[in-house]
file data-v2.cif (mmCIF, C-alpha atoms)
data_final
#
loop_
_atom_site.label_atom_id
_atom_site.label_comp_id
_atom_site.auth_asym_id
_atom_site.auth_seq_id
_atom_site.Cartn_x
_atom_site.Cartn_y
_atom_site.Cartn_z
CA LEU A 1 24.87 80.72 251.29
CA ASN A 2 22.71 79.80 254.27
CA LEU A 3 21.50 82.39 256.75
CA ASN A 4 19.09 80.54 259.01
CA GLY A 5 18.28 83.21 261.54
CA SER A 6 20.64 81.75 264.14
CA GLY A 7 23.41 84.27 263.52
CA LYS A 8 25.44 81.71 261.57
CA LEU A 9 26.51 82.08 257.98
CA PHE A 10 27.74 79.30 255.69
CA LEU A 11 29.40 80.17 252.39
CA ASP A 12 30.12 77.48 249.80
CA VAL A 13 32.20 79.02 247.03
CA ASN A 14 33.35 76.26 244.68
CA GLY A 15 31.98 73.08 246.19
CA GLY A 16 35.37 72.32 247.73
CA ASP A 17 37.07 73.25 250.96
CA GLU A 18 36.98 76.87 252.10
CA LEU A 19 38.81 78.69 254.87
CA ALA A 20 37.85 82.19 256.02
CA THR A 21 40.76 83.98 257.69
CA GLU A 22 39.64 87.61 258.08
CA VAL A 23 36.53 89.75 258.48
CA LEU A 24 36.57 93.45 257.57
CA PHE A 25 33.89 96.12 257.92
CA GLN A 26 33.18 98.93 255.50
CA PRO A 27 32.07 102.34 256.82
CA ASP A 28 28.59 101.69 255.35
CA GLY A 29 28.20 98.55 257.47
CA LYS A 30 28.82 96.00 254.74
CA ILE A 31 30.87 92.96 255.75
CA ILE A 32 33.88 91.63 253.85
CA MET A 33 35.07 88.04 254.33
CA THR A 34 38.40 86.91 252.89
CA GLY A 35 40.11 83.56 252.67
CA THR A 36 40.92 80.59 250.47
CA SER A 37 38.91 78.15 248.38
CA THR A 38 40.17 74.87 246.96
CA THR A 39 38.97 72.45 244.29
CA PRO A 40 40.67 69.31 242.97
CA THR A 41 42.39 71.45 240.32
CA SER A 42 42.81 74.94 241.75
CA TYR A 43 43.60 77.07 244.79
CA ASP A 44 41.86 80.45 244.87
CA PHE A 45 41.88 83.60 246.92
CA VAL A 46 38.30 84.53 247.85
CA VAL A 47 36.68 87.78 248.92
CA ALA A 48 32.96 88.04 249.63
CA ARG A 49 30.94 91.13 250.46
CA LEU A 50 27.76 90.84 252.46
CA ASN A 51 25.04 93.29 253.31
CA PRO A 52 24.56 93.98 257.03
CA ASP A 53 21.80 91.34 257.14
CA GLY A 54 24.20 88.68 255.81
CA SER A 55 22.85 88.51 252.27
CA PRO A 56 25.39 88.64 249.40
CA ASP A 57 25.91 92.09 247.93
CA PRO A 58 25.06 91.83 244.20
CA THR A 59 26.95 95.07 243.45
CA PHE A 60 30.18 93.21 244.28
CA SER A 61 31.38 90.85 241.54
CA TYR A 62 27.77 90.20 240.37
CA ASP A 63 26.94 87.66 243.08
CA GLY A 64 28.81 89.04 246.08
CA ILE A 65 31.81 86.70 245.73
CA ALA A 66 35.08 87.22 243.85
CA THR A 67 37.53 84.35 243.37
CA THR A 68 41.02 84.54 241.89
CA LEU A 69 42.96 81.50 240.73
CA ILE A 70 46.45 81.63 242.23
CA ASN A 71 47.88 78.22 241.32
CA THR A 72 47.28 74.49 241.29
CA GLY A 73 49.85 73.58 243.93
CA GLY A 74 48.56 74.99 247.20
CA VAL A 75 47.91 78.48 248.54
CA VAL A 76 46.57 80.16 251.67
CA CYS A 77 45.30 83.69 252.22
CA TYR A 78 46.42 84.77 255.68
CA GLY A 79 45.50 88.45 255.91
CA SER A 80 43.57 91.28 254.32
CA VAL A 81 43.07 95.00 254.70
CA LEU A 82 40.60 97.60 253.43
CA GLN A 83 41.87 100.79 251.84
CA ASP A 84 40.13 104.14 252.41
CA ASP A 85 39.03 104.16 248.75
CA GLY A 86 37.23 100.83 249.17
CA LYS A 87 39.85 98.65 247.49
CA ILE A 88 40.60 95.34 249.22
CA ILE A 89 44.04 93.76 249.59
CA LEU A 90 44.55 90.05 250.27
CA ALA A 91 47.93 88.54 251.16
CA GLY A 92 49.33 85.07 251.71
CA PHE A 93 51.63 82.58 250.06
CA GLY A 94 51.62 79.61 247.74
CA SER A 95 53.71 76.76 246.38
CA PHE A 96 55.10 77.23 242.90
CA ILE A 97 57.67 75.49 240.71
CA THR A 98 60.17 78.11 241.91
CA GLY A 99 59.37 77.43 245.57
CA THR A 100 57.23 79.24 248.15
CA ASN A 101 56.27 82.74 247.01
CA GLY A 102 54.37 85.53 248.70
CA ILE A 103 51.11 86.58 247.04
CA VAL A 104 49.37 89.97 247.26
CA VAL A 105 46.13 90.63 245.37
CA ARG A 106 44.10 93.84 245.18
CA TYR A 107 40.45 94.21 244.20
CA THR A 108 38.49 97.29 243.27
CA GLU A 109 35.47 98.26 245.35
CA ASP A 110 33.18 96.44 242.91
CA GLY A 111 35.08 93.13 243.20
CA ALA A 112 37.19 93.23 240.04
CA LEU A 113 40.95 92.68 240.03
CA ASP A 114 42.68 96.05 240.18
CA ASN A 115 44.76 96.34 237.00
CA SER A 116 46.72 99.28 238.46
CA PHE A 117 48.30 96.85 240.94
CA GLY A 118 51.04 94.45 239.93
CA THR A 119 50.18 92.37 236.87
CA GLY A 120 46.45 92.13 236.43
CA GLY A 121 45.86 92.87 240.11
CA LYS A 122 48.31 90.27 241.43
CA VAL A 123 51.87 90.40 242.74
CA GLN A 124 53.98 87.26 243.20
CA LEU A 125 56.96 87.88 245.48
CA ALA A 126 60.12 85.80 245.62
CA LEU A 127 63.41 86.49 247.34
CA GLY A 128 66.25 84.36 246.08
CA PRO A 129 65.85 80.60 245.56
CA ASN A 130 64.74 79.61 249.04
CA GLY A 131 61.21 80.88 249.52
CA LEU A 132 59.22 83.72 251.04
CA ALA A 133 55.90 83.49 252.91
CA ILE A 134 53.52 86.34 253.81
CA THR A 135 51.47 85.99 256.98
CA ASN A 136 49.67 89.34 257.26
CA VAL A 137 49.28 92.77 255.72
CA ALA A 138 48.72 96.36 256.88
CA LEU A 139 48.54 99.82 255.35
CA GLN A 140 50.56 102.92 256.03
CA PRO A 141 48.79 106.32 255.97
CA ASP A 142 50.58 107.11 252.69
CA GLY A 143 49.04 104.06 251.00
CA LYS A 144 52.14 101.89 251.05
CA ILE A 145 51.59 98.23 251.90
CA VAL A 146 53.56 96.40 254.59
CA CYS A 147 53.59 92.64 255.06
CA SER A 148 54.90 90.32 257.75
CA GLY A 149 56.20 86.84 257.19
CA MET A 150 59.23 84.61 256.83
CA TYR A 151 62.15 84.35 254.43
CA HIS A 152 64.00 81.04 254.19
CA ASN A 153 67.74 81.64 254.04
CA GLY A 154 68.57 78.12 252.85
CA THR A 155 69.09 76.77 256.37
CA ASP A 156 66.24 78.13 258.48
CA GLY A 157 63.54 80.79 258.47
CA ASP A 158 64.20 84.48 259.11
CA MET A 159 61.50 86.84 260.37
CA MET A 160 60.64 89.35 257.68
CA VAL A 161 58.85 92.63 256.98
CA LEU A 162 58.50 93.92 253.43
CA ARG A 163 57.00 97.08 251.98
CA LEU A 164 55.36 97.65 248.62
CA ASN A 165 54.45 100.84 246.85
CA SER A 166 50.76 101.35 246.13
CA ASP A 167 51.26 99.90 242.63
CA GLY A 168 52.65 96.63 244.03
CA SER A 169 56.33 97.26 243.31
CA TYR A 170 58.98 96.83 246.00
CA ASP A 171 59.62 100.07 247.93
CA THR A 172 63.40 100.45 247.67
CA ASP A 173 63.35 103.19 250.33
CA PHE A 174 62.67 100.39 252.80
CA SER A 175 65.82 98.43 253.68
CA THR A 176 67.34 99.18 250.21
CA ASP A 177 65.40 96.44 248.38
CA GLY A 178 61.99 96.60 250.08
CA VAL A 179 62.61 93.65 252.41
CA ALA A 180 63.99 93.58 255.97
CA TYR A 181 64.75 90.18 257.46
CA TYR A 182 66.51 89.02 260.62
CA ASP A 183 67.82 85.72 261.95
CA LEU A 184 67.78 86.08 265.73
CA ASN A 185 69.07 82.78 267.06
CA ASN A 186 70.12 80.84 263.95
CA SER A 187 66.73 79.16 264.18
CA ASN A 188 63.31 79.23 262.57
CA ASP A 189 61.88 82.72 263.07
CA VAL A 190 58.64 84.17 261.73
CA PHE A 191 56.57 87.33 262.10
CA TRP A 192 52.87 86.44 262.27
CA ASP A 193 51.34 89.92 262.43
CA LEU A 194 52.20 93.60 262.26
CA ALA A 195 50.72 97.07 262.82
CA VAL A 196 51.67 100.61 261.86
CA GLN A 197 51.96 103.31 264.52
CA ASP A 198 50.71 106.86 263.93
CA ASP A 199 54.35 108.00 263.54
CA GLY A 200 54.91 105.47 260.73
CA LYS A 201 56.97 103.00 262.73
CA ILE A 202 56.10 99.34 262.17
CA VAL A 203 55.64 96.88 265.04
CA ALA A 204 55.79 93.17 264.21
CA VAL A 205 55.22 90.15 266.42
CA GLY A 206 56.11 86.52 265.99
CA THR A 207 58.11 83.58 267.17
CA THR A 208 61.77 82.62 267.50
CA GLU A 209 63.48 79.55 268.90
CA ASN A 210 65.96 80.15 271.71
CA LEU A 211 69.16 78.19 272.30
CA ALA A 212 67.15 75.55 274.16
CA SER A 213 64.93 75.10 271.06
CA GLU A 214 61.97 76.62 272.92
CA LYS A 215 59.70 79.02 271.06
CA GLU A 216 59.50 82.56 272.45
CA PHE A 217 57.46 85.67 271.76
CA VAL A 218 59.25 88.28 269.67
CA VAL A 219 58.14 91.92 269.43
CA ALA A 220 60.17 94.18 267.14
CA ARG A 221 59.80 97.77 265.98
CA PHE A 222 61.10 99.15 262.71
CA ASN A 223 61.76 102.68 261.60
CA SER A 224 60.11 103.86 258.41
CA ASP A 225 63.32 103.04 256.47
CA GLY A 226 63.23 99.37 257.53
CA SER A 227 65.96 99.55 260.17
CA LEU A 228 65.33 98.28 263.69
CA ASP A 229 64.31 101.04 266.08
CA ASN A 230 67.04 101.09 268.72
CA SER A 231 64.84 103.15 271.06
CA PHE A 232 62.58 100.09 271.46
CA SER A 233 63.72 97.63 274.11
CA SER A 234 67.27 96.45 273.41
CA GLY A 235 68.34 96.87 269.80
CA GLY A 236 64.82 97.22 268.46
CA TYR A 237 63.31 93.94 269.62
CA THR A 238 62.53 91.90 272.70
CA GLU A 239 62.20 88.15 273.26
CA ILE A 240 59.74 86.97 275.91
CA ASP A 241 59.55 83.49 277.40
CA PHE A 242 56.60 82.19 279.40
CA ALA A 243 57.08 79.23 281.75
CA ASN A 244 59.98 77.81 279.70
CA LEU A 245 57.48 76.41 277.21
CA ASP A 246 56.80 76.93 273.52
CA ASN A 247 55.02 80.25 272.93
CA ASP A 248 53.74 81.93 269.76
CA ALA A 249 52.87 85.63 269.41
CA THR A 250 50.23 85.70 266.69
CA SER A 251 48.37 89.02 266.87
CA ILE A 252 49.06 92.70 267.57
CA LYS A 253 46.91 95.79 268.03
CA ILE A 254 47.96 99.34 268.88
CA HIS A 255 45.52 101.34 271.01
CA ASP A 256 46.14 104.63 272.83
CA ASN A 257 49.85 104.34 272.02
CA GLN A 258 50.04 100.99 273.78
CA ILE A 259 51.05 97.76 272.07
CA PHE A 260 48.82 94.76 272.77
CA VAL A 261 50.14 91.33 271.83
CA ALA A 262 48.18 88.07 271.90
CA GLY A 263 49.29 84.49 271.42
CA LYS A 264 49.41 81.07 272.96
CA CYS A 265 51.50 79.04 275.39
CA ASN A 266 52.10 75.32 275.00
CA ASN A 267 50.47 74.63 278.38
CA GLY A 268 47.13 75.41 276.75
CA SER A 269 46.93 79.01 277.92
CA LEU A 270 46.05 82.07 275.90
CA ILE A 271 48.33 85.05 276.45
CA VAL A 272 47.56 88.76 276.18
CA MET A 273 50.22 91.30 277.15
CA THR A 274 50.95 95.01 276.77
#

call {"tool": "encode", "arguments": {"input": "data-v2.cif", "output": "structure tokens"}}
result
Amino acid sequence: LNLNGSGKLFLDVNGGDELATEVLFQPDGKIIMTGTSTTPTSYDFVVARLNPDGSPDPTFSYDGIATTLINTGGVVCYGSVLQDDGKIILAGFGSFITGTNGIVVRYTEDGALDNSFGTGGKVQLALGPNGLAITNVALQPDGKIVCSGMYHNGTDGDMMVLRLNSDGSYDTDFSTDGVAYYDLNNSNDVFWDLAVQDDGKIVAVGTTENLASEKEFVVARFNSDGSLDNSFSSGGYTEIDFANLDNDATSIKIHDNQIFVAGKCNNGSLIVMT
């Protein structure tokens, strides 16, 4: 850990490669960083808690850093979220013998794995033989966990939203088996991010390929039971093309009942729309 007074912070976890993918803030001002750490023999999820001055918080996992071995074949933590009770959820995906599986891990507020969640604090999610990847995670007001991502149907990728109960089990009140997935254009589709409205509806954003093999923005809204919300655009989703180029919608925020979507266009532009 190197805080040199320049406003920059360097965190070396295991002496290997690290990637920080999210920063969260506790109500008391402490900073949470989440991501992935790799060594020649392991791929770990990492969560670090810092004091407001950037020093590691020794009340969190003894030295301020908690690492969890996921596998030895490759893993990435894409998203994280902070519960009201201080517990921290990390989500991503990894490569296993059975294929690509989604991974969700929950930590207690002191940095230990939460044994009330999944098996020893970890949930490994598979859907059939073809693979499932999680790209982000959000919380509903009732404590249920929703994740965006992609399910591979054997031919191409389908955009996906899944919901877990607070104990890590699939919520079967959501799309019968806990997973809602859609193949828009018989192409590779993925949801990169999602957010929960105050009324419980879920808005997800991502990318689909149109018939011309160009990538387009996709914004979709789901009812609380996992069905597409037909009151949103046409059939619950909208596809948006910019300049007939490849576009990726990668981030969403909801503010004052407006949906803000950010992404990129293949001409080098950044895109923000409401």

call {"tool": "resolve_selection", "arguments": {"input": "data-v2.cif", "expression": "the PyMOL selection byres ((chain A and resi 220) around 10)", "output": "PyMOL selection string"}}
result
chain A and resi 191+194+202-206+218-219+221-222+228-230+232-239

call {"tool": "write_last_selection", "arguments": {"input": "data-v2.cif", "atoms": "C-alpha atoms", "output": "PDB file, keeping the file's coordinate frame"}}
result
ATOM      1  CA  PHE A 191      56.570  87.330 262.100  1.00  0.00           C
ATOM      2  CA  LEU A 194      52.200  93.600 262.260  1.00  0.00           C
ATOM      3  CA  ILE A 202      56.100  99.340 262.170  1.00  0.00           C
ATOM      4  CA  VAL A 203      55.640  96.880 265.040  1.00  0.00           C
ATOM      5  CA  ALA A 204      55.790  93.170 264.210  1.00  0.00           C
ATOM      6  CA  VAL A 205      55.220  90.150 266.420  1.00  0.00           C
ATOM      7  CA  GLY A 206      56.110  86.520 265.990  1.00  0.00           C
ATOM      8  CA  VAL A 218      59.250  88.280 269.670  1.00  0.00           C
ATOM      9  CA  VAL A 219      58.140  91.920 269.430  1.00  0.00           C
ATOM     10  CA  ARG A 221      59.800  97.770 265.980  1.00  0.00           C
ATOM     11  CA  PHE A 222      61.100  99.150 262.710  1.00  0.00           C
ATOM     12  CA  LEU A 228      65.330  98.280 263.690  1.00  0.00           C
ATOM     13  CA  ASP A 229      64.310 101.040 266.080  1.00  0.00           C
ATOM     14  CA  ASN A 230      67.040 101.090 268.720  1.00  0.00           C
ATOM     15  CA  PHE A 232      62.580 100.090 271.460  1.00  0.00           C
ATOM     16  CA  SER A 233      63.720  97.630 274.110  1.00  0.00           C
ATOM     17  CA  SER A 234      67.270  96.450 273.410  1.00  0.00           C
ATOM     18  CA  GLY A 235      68.340  96.870 269.800  1.00  0.00           C
ATOM     19  CA  GLY A 236      64.820  97.220 268.460  1.00  0.00           C
ATOM     20  CA  TYR A 237      63.310  93.940 269.620  1.00  0.00           C
ATOM     21  CA  THR A 238      62.530  91.900 272.700  1.00  0.00           C
ATOM     22  CA  GLU A 239      62.200  88.150 273.260  1.00  0.00           C
TER      23      GLU A 239
END

call {"tool": "closest_residue", "arguments": {"input": "data-v2.cif", "among": "A:Val81, A:Leu90, A:Val146, A:Leu11", "to": "Ser55 (chain A)", "atoms": "all atoms listed in the file"}}
result
A:Leu11

call {"tool": "residues_around", "arguments": {"input": "data-v2.cif", "residues": "Phe174 (chain A)", "least_positions_apart": "4", "cutoff": "12 Å", "atoms": "only C-alpha atoms", "output": "MDAnalysis selection string"}}
result
chainID A and resid 144:146 161:165 169:170 178:181 201:202 222:228

call {"tool": "atom_distance", "arguments": {"input": "data-v2.cif", "atom1": "CA of Asn188 (chain A)", "atom2": "CA of Leu127 (chain A)"}}
result
16.9 Å

call {"tool": "atom_distance", "arguments": {"input": "data-v2.cif", "atom1": "CA of Ala133 (chain A)", "atom2": "CA of Gly263 (chain A)"}}
result
19.7 Å

call {"tool": "closest_residue", "arguments": {"input": "data-v2.cif", "among": "A:Asp183, A:Asp199, A:Glu109, A:Asp177", "to": "Pro141 (chain A)", "atoms": "all atoms listed in the file"}}
result
A:Asp199

call {"tool": "closest_residue", "arguments": {"input": "data-v2.cif", "among": "A:Asp241, A:Asp84, A:Asp158, A:Asp167", "to": "Gly121 (chain A)", "atoms": "all atoms listed in the file"}}
result
A:Asp167

call {"tool": "atom_distance", "arguments": {"input": "data-v2.cif", "atom1": "CA of Thr155 (chain A)", "atom2": "CA of Ala91 (chain A)"}}
result
24.8 Å

call {"tool": "residues_near_point", "arguments": {"input": "data-v2.cif", "point": "(63.8, 80.8, 265.3)", "cutoff": "10 Å", "atoms": "only C-alpha atoms", "output": "count of residues only"}}
result
24

call {"tool": "resolve_selection", "arguments": {"input": "data-v2.cif", "expression": "the PyMOL selection byres ((chain A and resi 30-32) around 8)", "output": "list in words"}}
result
Val23, Leu24, Phe25, Gln26, Pro27, Asp28, Gly29, Met33, Thr34, Val47, Ala48, Arg49, Leu50, Asn51, Pro52 and Gly54 of chain A

call {"tool": "closest_residue", "arguments": {"input": "data-v2.cif", "among": "A:Glu22, A:Asp44, A:Asp17, A:Asp85", "to": "Thr68 (chain A)", "atoms": "all atoms listed in the file"}}
result
A:Asp44

call {"tool": "resolve_selection", "arguments": {"input": "data-v2.cif", "expression": "the PyMOL selection byres ((chain A and resi 92) around 8)", "output": "PyMOL selection string"}}
result
chain A and resi 75-79+90-91+93-94+102-104+133-136

call {"tool": "decode", "arguments": {"input": "data-v2.cif", "residues": "region 12-24 of chain A", "atoms": "all heavy atoms", "output": "PDB file, in the first residue's frame"}}
result
ATOM      1  N   ASP A  12      -1.023  -3.603  -3.564  1.00  0.00           N
ATOM      2  CA  ASP A  12      -0.476  -4.874  -4.035  1.00  0.00           C
ATOM      3  C   ASP A  12      -0.965  -5.956  -3.086  1.00  0.00           C
ATOM      4  O   ASP A  12      -0.585  -5.988  -1.918  1.00  0.00           O
ATOM      5  CB  ASP A  12       1.053  -4.810  -4.060  1.00  0.00           C
ATOM      6  CG  ASP A  12       1.670  -6.049  -4.687  1.00  0.00           C
ATOM      7  OD1 ASP A  12       0.915  -6.943  -5.104  1.00  0.00           O
ATOM      8  OD2 ASP A  12       2.910  -6.125  -4.750  1.00  0.00           O
ATOM      9  N   VAL A  13      -1.786  -6.851  -3.582  1.00  0.00           N
ATOM     10  CA  VAL A  13      -2.437  -7.837  -2.717  1.00  0.00           C
ATOM     11  C   VAL A  13      -1.608  -9.100  -2.567  1.00  0.00           C
ATOM     12  O   VAL A  13      -1.259  -9.503  -1.459  1.00  0.00           O
ATOM     13  CB  VAL A  13      -3.837  -8.184  -3.263  1.00  0.00           C
ATOM     14  CG1 VAL A  13      -4.512  -9.238  -2.403  1.00  0.00           C
ATOM     15  CG2 VAL A  13      -4.691  -6.921  -3.327  1.00  0.00           C
ATOM     16  N   ASN A  14      -1.291  -9.737  -3.699  1.00  0.00           N
ATOM     17  CA  ASN A  14      -0.608 -11.036  -3.640  1.00  0.00           C
ATOM     18  C   ASN A  14       0.709 -11.061  -4.408  1.00  0.00           C
ATOM     19  O   ASN A  14       1.254 -12.132  -4.654  1.00  0.00           O
ATOM     20  CB  ASN A  14      -1.527 -12.134  -4.203  1.00  0.00           C
ATOM     21  CG  ASN A  14      -2.672 -12.470  -3.270  1.00  0.00           C
ATOM     22  OD1 ASN A  14      -2.490 -12.501  -2.065  1.00  0.00           O
ATOM     23  ND2 ASN A  14      -3.850 -12.716  -3.834  1.00  0.00           N
ATOM     24  N   GLY A  15       1.171  -9.903  -4.831  1.00  0.00           N
ATOM     25  CA  GLY A  15       2.401  -9.882  -5.612  1.00  0.00           C
ATOM     26  C   GLY A  15       2.198 -10.217  -7.070  1.00  0.00           C
ATOM     27  O   GLY A  15       3.161 -10.296  -7.838  1.00  0.00           O
ATOM     28  N   GLY A  16       0.933 -10.415  -7.469  1.00  0.00           N
ATOM     29  CA  GLY A  16       0.622 -10.704  -8.865  1.00  0.00           C
ATOM     30  C   GLY A  16      -0.092  -9.541  -9.512  1.00  0.00           C
ATOM     31  O   GLY A  16       0.117  -8.378  -9.160  1.00  0.00           O
ATOM     32  N   ASP A  17      -0.960  -9.857 -10.455  1.00  0.00           N
ATOM     33  CA  ASP A  17      -1.725  -8.818 -11.139  1.00  0.00           C
ATOM     34  C   ASP A  17      -3.035  -8.573 -10.405  1.00  0.00           C
ATOM     35  O   ASP A  17      -3.727  -9.523 -10.002  1.00  0.00           O
ATOM     36  CB  ASP A  17      -2.026  -9.235 -12.579  1.00  0.00           C
ATOM     37  CG  ASP A  17      -0.766  -9.318 -13.430  1.00  0.00           C
ATOM     38  OD1 ASP A  17       0.179  -8.547 -13.159  1.00  0.00           O
ATOM     39  OD2 ASP A  17      -0.729 -10.152 -14.347  1.00  0.00           O
ATOM     40  N   GLU A  18      -3.379  -7.317 -10.237  1.00  0.00           N
ATOM     41  CA  GLU A  18      -4.647  -6.946  -9.605  1.00  0.00           C
ATOM     42  C   GLU A  18      -5.446  -6.028 -10.514  1.00  0.00           C
ATOM     43  O   GLU A  18      -4.874  -5.243 -11.276  1.00  0.00           O
ATOM     44  CB  GLU A  18      -4.431  -6.243  -8.252  1.00  0.00           C
ATOM     45  CG  GLU A  18      -4.151  -7.182  -7.093  1.00  0.00           C
ATOM     46  CD  GLU A  18      -2.693  -7.522  -6.945  1.00  0.00           C
ATOM     47  OE1 GLU A  18      -1.840  -6.631  -7.155  1.00  0.00           O
ATOM     48  OE2 GLU A  18      -2.389  -8.687  -6.629  1.00  0.00           O
ATOM     49  N   LEU A  19      -6.767  -6.147 -10.408  1.00  0.00           N
ATOM     50  CA  LEU A  19      -7.671  -5.288 -11.160  1.00  0.00           C
ATOM     51  C   LEU A  19      -8.785  -4.830 -10.231  1.00  0.00           C
ATOM     52  O   LEU A  19      -9.547  -5.649  -9.721  1.00  0.00           O
ATOM     53  CB  LEU A  19      -8.270  -6.041 -12.355  1.00  0.00           C
ATOM     54  CG  LEU A  19      -9.358  -5.306 -13.141  1.00  0.00           C
ATOM     55  CD1 LEU A  19      -8.771  -4.076 -13.839  1.00  0.00           C
ATOM     56  CD2 LEU A  19     -10.014  -6.242 -14.156  1.00  0.00           C
ATOM     57  N   ALA A  20      -8.879  -3.526  -9.998  1.00  0.00           N
ATOM     58  CA  ALA A  20      -9.975  -2.962  -9.208  1.00  0.00           C
ATOM     59  C   ALA A  20     -11.097  -2.568 -10.159  1.00  0.00           C
ATOM     60  O   ALA A  20     -10.868  -1.874 -11.151  1.00  0.00           O
ATOM     61  CB  ALA A  20      -9.501  -1.744  -8.422  1.00  0.00           C
ATOM     62  N   THR A  21     -12.318  -3.011  -9.861  1.00  0.00           N
ATOM     63  CA  THR A  21     -13.436  -2.768 -10.762  1.00  0.00           C
ATOM     64  C   THR A  21     -14.549  -1.929 -10.148  1.00  0.00           C
ATOM     65  O   THR A  21     -15.447  -1.491 -10.867  1.00  0.00           O
ATOM     66  CB  THR A  21     -14.041  -4.099 -11.241  1.00  0.00           C
ATOM     67  OG1 THR A  21     -14.317  -4.931 -10.107  1.00  0.00           O
ATOM     68  CG2 THR A  21     -13.083  -4.826 -12.163  1.00  0.00           C
ATOM     69  N   GLU A  22     -14.504  -1.679  -8.834  1.00  0.00           N
ATOM     70  CA  GLU A  22     -15.598  -0.929  -8.215  1.00  0.00           C
ATOM     71  C   GLU A  22     -15.099  -0.254  -6.942  1.00  0.00           C
ATOM     72  O   GLU A  22     -14.226  -0.767  -6.240  1.00  0.00           O
ATOM     73  CB  GLU A  22     -16.752  -1.869  -7.860  1.00  0.00           C
ATOM     74  CG  GLU A  22     -18.037  -1.174  -7.464  1.00  0.00           C
ATOM     75  CD  GLU A  22     -19.040  -1.077  -8.598  1.00  0.00           C
ATOM     76  OE1 GLU A  22     -19.215  -2.062  -9.318  1.00  0.00           O
ATOM     77  OE2 GLU A  22     -19.647  -0.004  -8.738  1.00  0.00           O
ATOM     78  N   VAL A  23     -15.649   0.918  -6.673  1.00  0.00           N
ATOM     79  CA  VAL A  23     -15.405   1.628  -5.414  1.00  0.00           C
ATOM     80  C   VAL A  23     -16.750   1.920  -4.770  1.00  0.00           C
ATOM     81  O   VAL A  23     -17.663   2.438  -5.425  1.00  0.00           O
ATOM     82  CB  VAL A  23     -14.633   2.948  -5.641  1.00  0.00           C
ATOM     83  CG1 VAL A  23     -14.452   3.687  -4.320  1.00  0.00           C
ATOM     84  CG2 VAL A  23     -13.281   2.678  -6.275  1.00  0.00           C
ATOM     85  N   LEU A  24     -16.880   1.576  -3.492  1.00  0.00           N
ATOM     86  CA  LEU A  24     -18.100   1.815  -2.730  1.00  0.00           C
ATOM     87  C   LEU A  24     -17.763   2.681  -1.520  1.00  0.00           C
ATOM     88  O   LEU A  24     -16.614   2.708  -1.060  1.00  0.00           O
ATOM     89  CB  LEU A  24     -18.714   0.492  -2.251  1.00  0.00           C
ATOM     90  CG  LEU A  24     -18.951  -0.586  -3.321  1.00  0.00           C
ATOM     91  CD1 LEU A  24     -19.357  -1.898  -2.653  1.00  0.00           C
ATOM     92  CD2 LEU A  24     -19.991  -0.143  -4.320  1.00  0.00           C
TER      93      LEU A  24
END
